[in-house]
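So this block is structure_1.csv, CSV, C-alpha atoms and all ligand atoms:
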chain,number,residue,atom,x,y,z
E,1,SER,CA,-48.3,62.1,95.1
E,2,SER,CA,-44.6,62.1,95.8
E,3,VAL,CA,-42.6,65.1,94.7
E,4,ALA,CA,-40.3,62.6,93.1
E,5,SER,CA,-42.6,62.3,90.1
E,6,LYS,CA,-42.7,66.1,89.7
E,7,THR,CA,-40.4,68.2,87.6
E,8,TYR,CA,-38.0,70.6,89.2
E,9,ALA,CA,-39.6,73.5,87.3
E,10,SER,CA,-43.1,72.6,88.6
E,11,ARG,CA,-41.9,72.8,92.2
E,12,VAL,CA,-40.5,76.3,92.0
E,13,ALA,CA,-43.8,77.8,93.0
E,14,SER,CA,-44.1,75.6,96.1
E,15,PHE,CA,-41.1,77.4,97.7
E,16,ALA,CA,-41.1,80.8,99.4
E,17,ASN,CA,-37.3,80.7,99.9
E,18,PRO,CA,-35.5,82.6,97.0
E,19,ALA,CA,-32.4,80.4,97.1
E,20,ALA,CA,-34.5,77.2,96.8
E,21,LYS,CA,-36.4,78.7,93.9
E,22,LEU,CA,-33.2,79.8,92.2
E,23,LEU,CA,-31.7,76.3,92.6
E,24,LEU,CA,-34.8,74.6,91.0
E,25,GLU,CA,-34.8,77.1,88.2
E,26,THR,CA,-31.1,76.7,87.6
E,27,MET,CA,-31.4,72.9,87.5
E,28,GLU,CA,-34.2,73.1,84.9
E,29,ARG,CA,-32.5,75.8,82.8
E,30,LYS,CA,-29.1,74.0,82.7
E,31,LYS,CA,-30.5,70.5,82.8
E,32,THR,CA,-28.3,69.4,85.6
E,33,ASN,CA,-28.8,68.2,89.2
E,34,LEU,CA,-25.0,67.9,89.8
E,35,CYS,CA,-23.3,69.8,92.7
E,36,VAL,CA,-19.6,69.5,92.7
E,37,SER,CA,-17.9,69.4,96.1
E,38,VAL,CA,-14.5,71.2,95.6
E,39,ASP,CA,-12.5,70.0,98.6
E,40,VAL,CA,-9.0,71.3,97.5
E,41,THR,CA,-6.7,73.3,99.7
E,42,LYS,CA,-5.3,75.9,97.3
E,43,LYS,CA,-7.1,78.9,96.0
E,44,ALA,CA,-5.9,78.5,92.4
E,45,ASP,CA,-6.9,74.8,92.3
E,46,LEU,CA,-10.3,75.6,93.7
E,47,LEU,CA,-10.9,78.3,91.1
E,48,GLN,CA,-9.6,76.1,88.3
E,49,VAL,CA,-11.9,73.2,89.3
E,50,VAL,CA,-14.8,75.6,89.4
E,51,GLU,CA,-13.9,76.9,85.9
E,52,SER,CA,-13.7,73.3,84.7
E,53,VAL,CA,-17.0,72.1,86.0
E,54,GLY,CA,-19.0,75.4,85.9
E,55,ALA,CA,-21.0,74.6,82.8
E,56,ASP,CA,-22.1,71.2,84.1
E,57,VAL,CA,-23.3,72.1,87.6
E,58,CYS,CA,-26.3,73.7,89.3
E,59,MET,CA,-24.2,74.2,92.4
E,60,VAL,CA,-20.7,74.3,93.8
E,61,LYS,CA,-20.1,73.1,97.3
E,62,THR,CA,-17.2,74.5,99.4
E,63,HIS,CA,-15.4,73.8,102.7
E,64,ILE,CA,-13.9,77.3,102.7
E,65,ASP,CA,-12.0,76.7,105.9
E,66,ILE,CA,-9.7,74.1,104.2
E,67,VAL,CA,-8.2,76.7,101.8
E,68,GLU,CA,-4.7,77.6,103.0
E,69,ASP,CA,-4.3,80.8,101.0
E,70,PHE,CA,-7.8,82.0,101.6
E,71,ASP,CA,-8.6,85.7,101.1
E,72,LEU,CA,-11.7,87.6,100.2
E,73,ASP,CA,-10.6,87.8,96.6
E,74,LEU,CA,-11.3,84.1,96.4
E,75,THR,CA,-15.0,84.5,97.4
E,76,GLU,CA,-15.2,87.5,95.0
E,77,LYS,CA,-13.9,85.4,92.2
E,78,LEU,CA,-16.2,82.5,93.2
E,79,SER,CA,-19.2,84.8,93.1
E,80,ALA,CA,-18.2,86.1,89.7
E,81,LEU,CA,-17.9,82.5,88.4
E,82,SER,CA,-21.3,81.7,89.9
E,83,THR,CA,-22.8,84.5,87.9
E,84,GLN,CA,-20.8,83.8,84.7
E,85,HIS,CA,-21.6,80.0,84.7
E,86,ASP,CA,-25.0,80.2,86.3
E,87,PHE,CA,-24.5,78.0,89.4
E,88,MET,CA,-25.2,78.5,93.1
E,89,ILE,CA,-22.7,78.3,96.0
E,90,PHE,CA,-23.2,76.1,99.0
E,91,GLU,CA,-20.8,76.4,101.9
E,92,ASP,CA,-20.9,73.1,103.7
E,93,ARG,CA,-20.2,74.7,107.1
E,94,LYS,CA,-22.3,72.3,109.3
E,95,PHE,CA,-23.0,74.9,111.9
E,96,ALA,CA,-23.6,73.3,115.3
E,97,ASP,CA,-23.7,75.9,118.1
E,98,ILE,CA,-26.2,78.1,119.9
E,99,GLY,CA,-28.1,80.7,117.9
E,100,ASN,CA,-26.1,83.7,119.0
E,101,THR,CA,-22.8,82.0,118.2
E,102,VAL,CA,-23.9,80.8,114.8
E,103,SER,CA,-25.1,84.3,113.8
E,104,LEU,CA,-21.6,85.5,114.3
E,105,GLN,CA,-19.9,82.5,112.6
E,106,TYR,CA,-22.2,82.9,109.6
E,107,SER,CA,-21.9,86.7,109.2
E,108,SER,CA,-18.4,87.5,110.5
E,109,GLY,CA,-14.9,86.1,111.0
E,110,VAL,CA,-12.5,85.6,108.2
E,111,HIS,CA,-14.9,84.0,105.8
E,112,LYS,CA,-18.1,86.1,106.0
E,113,ILE,CA,-20.0,83.1,104.7
E,114,ALA,CA,-23.4,84.7,104.5
E,115,SER,CA,-22.1,87.4,102.1
E,116,TRP,CA,-21.3,84.9,99.3
E,117,SER,CA,-22.8,81.5,100.0
E,118,HIS,CA,-26.4,81.1,98.7
E,119,ILE,CA,-27.0,78.0,100.9
E,120,THR,CA,-25.5,76.6,104.0
E,121,ASN,CA,-26.3,73.8,106.4
E,122,ALA,CA,-26.6,73.1,110.1
E,123,HIS,CA,-26.9,70.3,112.6
E,124,LEU,CA,-30.0,70.4,114.8
E,125,VAL,CA,-28.1,69.2,117.9
E,126,PRO,CA,-28.4,72.6,119.6
E,127,GLY,CA,-32.1,72.8,119.0
E,128,PRO,CA,-34.2,75.1,116.9
E,129,GLY,CA,-32.4,78.2,118.2
E,130,ILE,CA,-29.7,77.4,115.6
E,131,ILE,CA,-32.3,78.1,112.9
E,132,THR,CA,-33.3,81.4,114.5
E,133,GLY,CA,-29.7,82.5,114.8
E,134,LEU,CA,-28.8,81.7,111.2
E,135,ALA,CA,-32.1,83.1,109.8
E,136,GLU,CA,-31.5,86.4,111.4
E,137,VAL,CA,-28.4,86.8,109.2
E,138,GLY,CA,-29.4,84.8,106.1
E,139,GLN,CA,-33.1,85.6,105.6
E,140,PRO,CA,-32.6,89.3,104.8
E,141,LEU,CA,-29.9,88.3,102.2
E,142,GLY,CA,-32.3,85.7,100.6
E,143,ARG,CA,-30.1,82.8,101.7
E,144,GLY,CA,-31.3,79.2,102.4
E,145,LEU,CA,-30.6,76.6,105.1
E,146,LEU,CA,-30.4,72.8,104.9
E,147,LEU,CA,-30.7,70.7,108.0
E,148,LEU,CA,-28.4,67.6,108.3
E,149,ALA,CA,-31.1,65.0,108.8
E,150,GLU,CA,-29.0,62.1,107.6
E,151,MET,CA,-25.3,61.6,106.7
E,152,SER,CA,-23.6,59.4,104.3
E,153,SER,CA,-20.8,58.1,106.5
E,154,LYS,CA,-20.8,54.7,108.2
E,155,GLY,CA,-21.9,54.6,111.8
E,156,ASN,CA,-23.2,58.2,111.8
E,157,LEU,CA,-25.5,59.2,114.6
E,158,ALA,CA,-28.0,61.2,112.6
E,159,GLY,CA,-31.0,59.6,110.9
E,160,GLY,CA,-33.7,57.7,112.7
E,161,GLU,CA,-35.6,59.7,115.3
E,162,TYR,CA,-33.0,62.5,115.0
E,163,GLY,CA,-33.8,62.8,111.3
E,164,GLN,CA,-37.5,63.0,111.9
E,165,LYS,CA,-37.0,65.8,114.4
E,166,CYS,CA,-35.1,67.7,111.7
E,167,VAL,CA,-38.1,67.3,109.4
E,168,GLN,CA,-40.4,68.6,112.1
E,169,ALA,CA,-38.1,71.6,112.8
E,170,ALA,CA,-38.0,72.4,109.1
E,171,ARG,CA,-41.8,72.4,108.9
E,172,ASN,CA,-42.1,74.5,112.0
E,173,ASP,CA,-39.8,77.1,110.6
E,174,THR,CA,-42.4,79.6,109.4
E,175,THR,CA,-39.8,82.0,108.0
E,176,GLY,CA,-39.2,79.6,105.1
E,177,PHE,CA,-35.4,80.0,105.7
E,178,THR,CA,-35.1,76.2,106.1
E,179,CYS,CA,-35.6,75.0,102.6
E,180,GLY,CA,-34.3,71.4,102.7
E,181,PHE,CA,-32.2,68.6,104.0
E,182,ILE,CA,-29.0,66.8,103.6
E,183,ALA,CA,-30.4,63.3,103.5
E,184,MET,CA,-30.1,59.9,101.8
E,185,ASP,CA,-33.6,59.6,100.6
E,186,ARG,CA,-37.0,61.5,100.5
E,187,ILE,CA,-37.0,61.8,104.3
E,188,ASP,CA,-39.6,64.6,104.3
E,189,GLU,CA,-42.2,62.2,102.9
E,190,LYS,CA,-41.5,59.6,105.5
E,191,VAL,CA,-42.5,61.7,108.5
E,192,ALA,CA,-46.2,62.1,109.2
E,193,LEU,CA,-47.6,65.7,109.5
E,194,GLN,CA,-48.3,66.7,113.1
E,195,PRO,CA,-51.6,68.4,113.9
E,196,GLY,CA,-51.6,71.9,112.6
E,197,GLN,CA,-48.7,71.3,110.2
E,198,GLU,CA,-49.2,72.0,106.6
E,199,HIS,CA,-47.5,70.0,103.8
E,200,LYS,CA,-44.4,71.7,102.5
E,201,ASP,CA,-42.0,70.9,99.8
E,202,PHE,CA,-38.3,70.6,100.6
E,203,LEU,CA,-35.1,70.1,98.7
E,204,VAL,CA,-33.0,66.9,99.4
E,205,LEU,CA,-29.3,67.2,98.6
E,206,THR,CA,-27.3,64.0,98.9
E,207,PRO,CA,-23.5,63.5,99.3
E,208,GLY,CA,-21.8,60.1,99.2
E,209,VAL,CA,-22.1,59.7,95.4
E,210,GLY,CA,-19.6,57.8,93.3
E,211,LEU,CA,-19.7,55.7,90.1
E,212,ASP,CA,-16.3,53.9,90.6
E,213,ALA,CA,-15.9,53.3,94.3
E,214,LYS,CA,-18.0,52.0,97.2
E,215,GLY,CA,-16.1,53.8,99.9
E,216,ASP,CA,-12.9,55.7,100.8
E,217,GLY,CA,-11.6,53.6,103.7
E,218,LYS,CA,-12.4,56.5,106.1
E,219,GLY,CA,-16.2,55.9,106.6
E,220,GLN,CA,-17.5,57.5,103.4
E,221,GLN,CA,-20.1,55.3,101.6
E,222,TYR,CA,-20.9,55.8,97.9
E,223,ARG,CA,-24.1,55.2,96.0
E,224,THR,CA,-24.6,55.8,92.3
E,225,PRO,CA,-26.6,58.8,90.8
E,226,ASP,CA,-29.3,56.3,89.8
E,227,GLU,CA,-29.7,55.0,93.3
E,228,VAL,CA,-29.8,58.5,94.8
E,229,ILE,CA,-32.0,60.3,92.2
E,230,ARG,CA,-34.2,57.6,90.7
E,231,GLN,CA,-34.4,55.0,93.4
E,232,SER,CA,-34.3,57.3,96.5
E,233,GLY,CA,-36.0,60.4,95.0
E,234,CYS,CA,-33.4,62.9,96.1
E,235,ASP,CA,-33.0,66.2,94.2
E,236,VAL,CA,-29.3,66.9,93.9
E,237,ILE,CA,-26.2,64.7,93.8
E,238,ILE,CA,-23.1,66.0,95.5
E,239,VAL,CA,-19.9,64.6,94.1
E,240,GLY,CA,-16.4,65.4,95.3
E,241,ARG,CA,-13.4,63.0,94.6
E,242,GLY,CA,-15.3,61.2,91.9
E,243,ILE,CA,-14.9,64.4,89.9
E,244,TYR,CA,-11.7,66.1,91.1
E,245,GLY,CA,-9.9,62.9,92.0
E,246,ALA,CA,-7.4,63.1,89.2
E,247,LEU,CA,-6.0,66.2,90.8
E,248,LEU,CA,-4.9,64.2,93.9
E,249,LYS,CA,-2.5,62.2,91.8
E,250,ASP,CA,1.0,63.3,90.7
E,251,GLY,CA,1.2,64.1,87.0
E,252,ASP,CA,0.3,66.6,84.4
E,253,LYS,CA,-2.0,69.3,85.8
E,254,SER,CA,-3.7,70.3,82.6
E,255,GLU,CA,-4.4,66.7,81.9
E,256,ALA,CA,-5.9,66.4,85.4
E,257,PHE,CA,-8.2,69.4,84.8
E,258,ARG,CA,-9.3,67.9,81.5
E,259,ASN,CA,-10.2,64.7,83.5
E,260,VAL,CA,-12.1,66.8,86.0
E,261,GLN,CA,-14.2,68.3,83.2
E,262,GLU,CA,-14.9,64.9,81.7
E,263,GLN,CA,-15.9,63.4,85.0
E,264,ALA,CA,-18.3,66.4,85.7
E,265,ALA,CA,-19.9,65.8,82.3
E,266,ARG,CA,-20.2,62.0,83.1
E,267,TYR,CA,-21.9,62.6,86.5
E,268,ARG,CA,-24.1,65.3,85.1
E,269,LYS,CA,-25.4,62.9,82.4
E,270,ALA,CA,-25.9,60.1,84.9
E,271,GLY,CA,-27.8,62.4,87.3
E,272,TRP,CA,-30.0,63.9,84.7
E,273,GLU,CA,-30.9,60.6,83.0
E,274,ALA,CA,-31.9,59.2,86.5
E,275,TYR,CA,-34.1,62.3,86.9
E,276,LEU,CA,-35.7,61.9,83.5
E,277,GLN,CA,-36.5,58.3,84.2
E,278,ARG,CA,-37.9,59.1,87.6
E,279,THR,CA,-40.2,61.8,86.2
E,280,GLN,CA,-40.9,59.7,83.0
E,281,GLN,CA,-40.1,62.6,80.7
K,301,LIG,P1,-16.5,62.9,98.3
K,301,LIG,O1,-15.2,63.2,97.9
K,301,LIG,O2,-17.6,62.8,97.2
K,301,LIG,O3,-16.6,61.7,99.2
K,301,LIG,O4,-16.9,64.2,99.1
K,301,LIG,C1,-18.2,64.3,99.8
K,301,LIG,C2,-18.3,65.7,100.3
K,301,LIG,O5,-19.6,65.8,101.0
K,301,LIG,C3,-17.3,66.2,101.4
K,301,LIG,O6,-17.1,67.5,101.2
K,301,LIG,C4,-18.0,65.9,102.7
K,301,LIG,O7,-17.6,66.8,103.7
K,301,LIG,C5,-19.5,66.1,102.3
K,301,LIG,N1,-20.4,65.3,103.1
K,301,LIG,C6,-20.4,63.9,103.1
K,301,LIG,O8,-19.6,63.3,102.4
K,301,LIG,N2,-21.4,63.3,103.8
K,301,LIG,C7,-22.3,63.9,104.6
K,301,LIG,O9,-23.1,63.2,105.2
K,301,LIG,C8,-22.3,65.3,104.6
K,301,LIG,C9,-21.3,66.0,103.9
K,301,LIG,BR1,-23.5,66.2,105.6
Now, as a test, write the supplied structure out as structure tokens.
Amino acid sequence: SSVASKTYASRVASFANPAAKLLLETMERKKTNLCVSVDVTKKADLLQVVESVGADVCMVKTHIDIVEDFDLDLTEKLSALSTQHDFMIFEDRKFADIGNTVSLQYSSGVHKIASWSHITNAHLVPGPGIITGLAEVGQPLGRGLLLLAEMSSKGNLAGGEYGQKCVQAARNDTTGFTCGFIAMDRIDEKVALQPGQEHKDFLVLTPGVGLDAKGDGKGQQYRTPDEVIRQSGCDVIIVGRGIYGALLKDGDKSEAFRNVQEQAARYRKAGWEAYLQRTQQ
């Protein structure tokens, strides 16, 4: 039977990866499958958005390289908020180089991603050595990896046979470091097991979610939480501008942050209702 009919809690035991387990436990405990993508360029705004949405999310997604006034105090504060509000951190780094290089990009440089991000993601373009390189750094820290099997943007070149190869690579990763996918549907269930492969459960996290817009004029395509969670069987909705959009307009900042909080509550409710309907609870 499809994992789509199973509860998040019942799937914890099917994962070896500690980050995947913690995410499923967090979703069940807080009753939310919402991940907020905080794509703002100022440290103070980033932290304030996270404060505003913290209670409503299972996860916060970052693009740490867009923060103009980045310092390690930011990631320390982010980690403290993650503990305080009980959510996980996902740096959407989209690694895409050979194993040796991604080990360095993940562990070192200015951002030291592996030291604070519970989950990150990678393209499989370089081949499975990218998983080995990232696992070398992330596995000892209990981190998890998502492969970009599909993307939300118009005309993207992932998906199809490429997406299937991502599923095969994830199954073949015997370390358990690869714990899921960025995908638009339950892609793991659409790819037949190869001889010798065992069935494994994976997380599916899905960006391109919006209740009020169909696109952004720059290739992004939006679907609703119901389409993503109930109809497509994905596990987590990733929402950016649908939630923090008020901040991009001129006007009263405290009012904008109130709106951010309201939108987070709105998306959280839509995502959780879609999950309850899917699992018929
Ligand atoms: P939005 O504001 O909800 O459109 O932001 C979506 C976020 O998800 C943004 O940070 C993107 O970089 C990210 N994203 C995406 O939109 N589509 C994809 O296929 C992947 C990531 Br992978």
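Pairwise distance (atom C4 of ligand LIG 301 (chain K), CA of Trp272 in chain E) equals 21.7 Å.
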Residues within 6 Å of (-7.1, 76.7, 99.1), file coords, all atoms listed in the file, listed as a PyMOL selection string: chain E and resi 40-43+67-70
Nearby residues, ligand LIG 301 (chain K), 7 Å, all atoms listed in the file, as a VMD selection string: chain E and resid 37 39 63 148 150 to 153 182 207 to 210 220 238 to 242
Could you list, as a compact mmCIF listing (two decimals) with C-alpha atoms, keeping the file's coordinate frame, every residue within 7 Å of Gly144 in chain E, counting all atoms listed in the file and ignoring same-chain residues fewer than 2 positions away?
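Generated file (selection.txt):
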# COMPACT_ATOMS: atom_id res chain seq x y z
CA ASN E 17 -37.30 80.70 99.90
CA ALA E 19 -32.40 80.40 97.10
CA ALA E 20 -34.50 77.20 96.80
CA HIS E 118 -26.40 81.10 98.70
CA ILE E 119 -27.00 78.00 100.90
CA THR E 120 -25.50 76.60 104.00
CA GLY E 138 -29.40 84.80 106.10
CA GLY E 142 -32.30 85.70 100.60
CA LEU E 146 -30.40 72.80 104.90
CA PHE E 177 -35.40 80.00 105.70
CA THR E 178 -35.10 76.20 106.10
CA CYS E 179 -35.60 75.00 102.60
CA of Phe87 in chain E to CA of Tyr106 in chain E, straight-line distance in Å: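 Rounded to one decimal, the two atoms are 20.9 Å apart.
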Counting all atoms listed in the file, the residue of E:Ala256, E:Leu203, E:Ala213, E:Leu72 that sits nearest Val3 in chain E: E:Leu203
